[in-house]
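Undergrad: I have a structure here, written as structure tokens, and I will follow up with some questions on it.
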Amino acid sequence: MKAHDAMYIGGQWRPAVGQDTIAVVNPANEQVIGHVPAGTAEDVDAAVRAARDAFAGWAATPPAERGAKIAALRDALVARKDEIAATVTAELGAPPQLAAAVHAGLPIVIAGSYAELAATYSFEEKTGNSTVLMEPVGVVGAITPWNYPLHQVVAKVAPALAAGCTVVLKPAEDTPLTAQLFAEAVHEAGLPAGVFNLVTGLGPVAGQALAEHDDVDLVSFTGSTAVGKQIGALAGSAVKRVALELGGKSANVILPSADLATAVETGLANALSNAGQRCSALTRVLVHKDQYDEAVAVAAKAIAAYTPGDRIGPMVNSKQLERVRGYIEKGVEEGARIVAGGPEAPLDTGYYVSPTVFADVTPQMTIAQEEIFGPVIAFLKYEDEEDALAIANGTVYGLAGAVWGEPEQAVAFARRMEAGQVDINGGRFNPLAPFGGYKQSGIGRELGAHGLAEYLQTKSLQF
Ligand code: NAD
């Protein structure tokens, strides 16, 4: 992996306008592994102009041809699978197995799904005396976080390209090298110049310049709710389309009819995957009062297998490490009880946190309300199903959730949850199912046909 000292704009690597750079740090050993340019508003402007110039031609390209180019992009990612995994391990600290299977593997599946959808999606429909055309929205500004460096990029770029939009991407400052690899793959796949452009840089500089650029028609943002609110406000005042994938505080609800050990252990694996740096992590475990002590004991035992530095990677940077430790300390201060882990550093080097289980957590405690984005799990006790539902729905978020129990009961409960996706009895992730949030977890959906529709606008012709 070699860091490009340039931006990918208009089909070529071009020097940045300014001299500033961003250091990329390996969070597992705290070593600098490369530098990328810190883009400015001028770089963003050049990229948006390239995307605008390419838009008419790409929008007019037949969808099946767009699909063929996305398939070539998928193949280019397949050819670079090992390099992608190694790069995600280097800049995010993800354990190699997770990096290969999820960080490199999942985006390939998603790119493949949009290669197919571009070719099969119905971009025209009839209703009464009208023909409704589904047309691309235009130039997309995509702003992505670091937690799944390639997946977050592909989940925006692939549907945007399938729809006929052109894109300017501003990836997270912690993981720009994976985004540069993606740009290399775009180039190899032979996408027309300007259809995809990359500007690396700081959020409040390059990200903000992209979000407020007059010639960007749609801003698609994944990241924190705080920044999402600013971007939503900017888009609102400019009357431009916006898609927001924000934070979460998802509940794992274990009904009395569930297989308790499986529900606790599977939920734990979900919450600790990617070191808990997941917006949909099931970090609140809701257990009936009669099964509570047993559930906590199962978790305390199972968590021992998740050793930092082996199965659990580090936090992405020192700021995130301090933030997560701060939440653990806050949990103790507010009266929750640590049954595993704690705030002490488990290793001398690297931004590691011990996987931590809290018991005696009440619904209003900070660790039950705020997104921690680390390997910290809170066990809450409920009296009955109504109480469980009130606790599950009792945050500002609504991204995801899980329910365990007799299938009909579990589905009935899931229907009443305020969340964009709910796994029943360990239901597997489906890359074609819409992903996105209720309430402050966001606006819009990614993945599958719903994800494609985000990048389309309708025009009706009356006959
Ligand atoms: P963040 O909001 O700080 O940054 C996300 C992106 O926005 C980065 O590229 C950053 O450079 C950019 N940015 C920052 N300030 C900006 C500004 N003022 N204007 C424009 N762009 C700006 O979030 P993060 O720390 O990178 O990621 C963690 C957060 O992302 C968590 O809250 C997590 O829940 C959320 N997230 C949500 C989803 C989802 O699908 N809902 C997925 C992953 C992460």
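Chain labels A, B, ... are given in the sequence in which chains occur in the structure tokens; within each chain residues are numbered consecutively from 1, and ligands are likewise numbered from 1 in the order shown.
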Show me which residues are within 9 Å of ligand 1 counting only C-alpha atoms and all ligand atoms, and format the list as a PyMOL selection string.

TA: chain A and resi 142-148+152+170-174+200-212+221-228+230-231+244-249+277-280+320+371-373+399+435-437+441-442+445-446

Undergrad: Excluding Met417 of chain A and any residue of its chain fewer than 3 positions from it, enumerate the residues within 12 Å of it, using only C-alpha atoms, and give them as a short mmCIF file (atom, residue, chain, number, x, y, z; two decimals) with C-alpha atoms, in the first residue's frame.

TA:
```cif
data_model
loop_
_atom_site.label_atom_id
_atom_site.label_comp_id
_atom_site.auth_asym_id
_atom_site.auth_seq_id
_atom_site.Cartn_x
_atom_site.Cartn_y
_atom_site.Cartn_z
CA SER A 250 -29.51 -0.60 19.61
CA ALA A 251 -31.30 -2.95 21.98
CA ASN A 252 -30.89 -6.71 22.13
CA VAL A 253 -34.22 -7.78 23.65
CA GLU A 385 -42.89 -6.88 27.74
CA GLU A 386 -44.38 -3.38 27.94
CA ALA A 388 -39.00 -3.91 27.71
CA LEU A 389 -40.58 -2.04 24.81
CA ALA A 390 -40.45 1.29 26.64
CA ILE A 391 -36.76 0.75 27.43
CA ALA A 392 -35.93 -0.46 23.89
CA ASN A 393 -37.61 2.59 22.34
CA GLY A 394 -36.48 5.00 25.04
CA THR A 395 -33.56 6.71 23.31
CA TYR A 397 -31.89 6.71 18.26
CA GLY A 398 -33.63 4.09 16.12
CA LEU A 399 -31.11 2.37 13.92
CA ALA A 400 -31.25 -1.34 14.73
CA GLY A 401 -32.25 -3.97 17.26
CA ALA A 402 -32.65 -7.66 17.91
CA VAL A 403 -35.35 -9.79 19.51
CA ALA A 410 -40.52 -11.98 18.75
CA VAL A 411 -41.96 -10.67 15.47
CA ALA A 412 -44.88 -9.03 17.29
CA PHE A 413 -42.37 -7.28 19.54
CA ALA A 414 -40.15 -6.27 16.60
CA GLY A 420 -34.89 0.57 10.85
CA GLN A 421 -33.81 -3.07 11.09
CA VAL A 422 -34.42 -5.80 13.64
CA ASP A 423 -32.81 -9.26 13.66
CA GLY A 437 -32.54 4.73 10.90
CA TYR A 438 -35.73 5.85 12.57
CA LYS A 439 -35.66 9.03 14.69
#
```

Undergrad: Nearest to Thr87 of chain A among A:Gly112, A:Pro149, A:Pro37, A:Pro375, with distances taken over only C-alpha atoms: which residue is it?

TA: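 Smallest distance to Thr87 of chain A is found for A:Pro149.
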
Undergrad: I'd like to know which residues of segment 12-193 of chain A are alpha helix (DSSP H) (by DSSP, run on the backbone); could you write them as a ChimeraX atom specification?

TA: /A:41-60,63-79,81-92,96-98,105-120,149-163,176-188

Undergrad: To one decimal place, how far is atom CA of Thr366 of chain A from atom CA of Gly331 of chain A in Å?

TA: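 Here the two named atoms are 7.0 Å from each other.
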
Undergrad: Within 10 Å of segment 56-60 of chain A, which residues of segment 176-263 of chain A show up? Give each one with its shortest atom-to-atom distance in Å (one decimal) and the two atoms involved, counting only C-alpha atoms, rows by chain then rising residue number, as a Markdown table.

TA:
```
| residue | atom | partner | partner_atom | distance |
| --- | --- | --- | --- | --- |
| A:Leu191 | CA | A:Trp58 | CA | 9.4 |
| A:Pro192 | CA | A:Trp58 | CA | 7.8 |
| A:Ala193 | CA | A:Trp58 | CA | 10.0 |
| A:Gly194 | CA | A:Trp58 | CA | 9.5 |
| A:Val195 | CA | A:Trp58 | CA | 7.1 |
```

Undergrad: Please determine, counting only C-alpha atoms, which residue among A:Ala261, A:Val48, A:Ala100, A:Val285 has the shortest atom-to-atom distance to Leu218 of chain A.

TA: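 Counting only C-alpha atoms, the residue closest to Leu218 of chain A is A:Val48.
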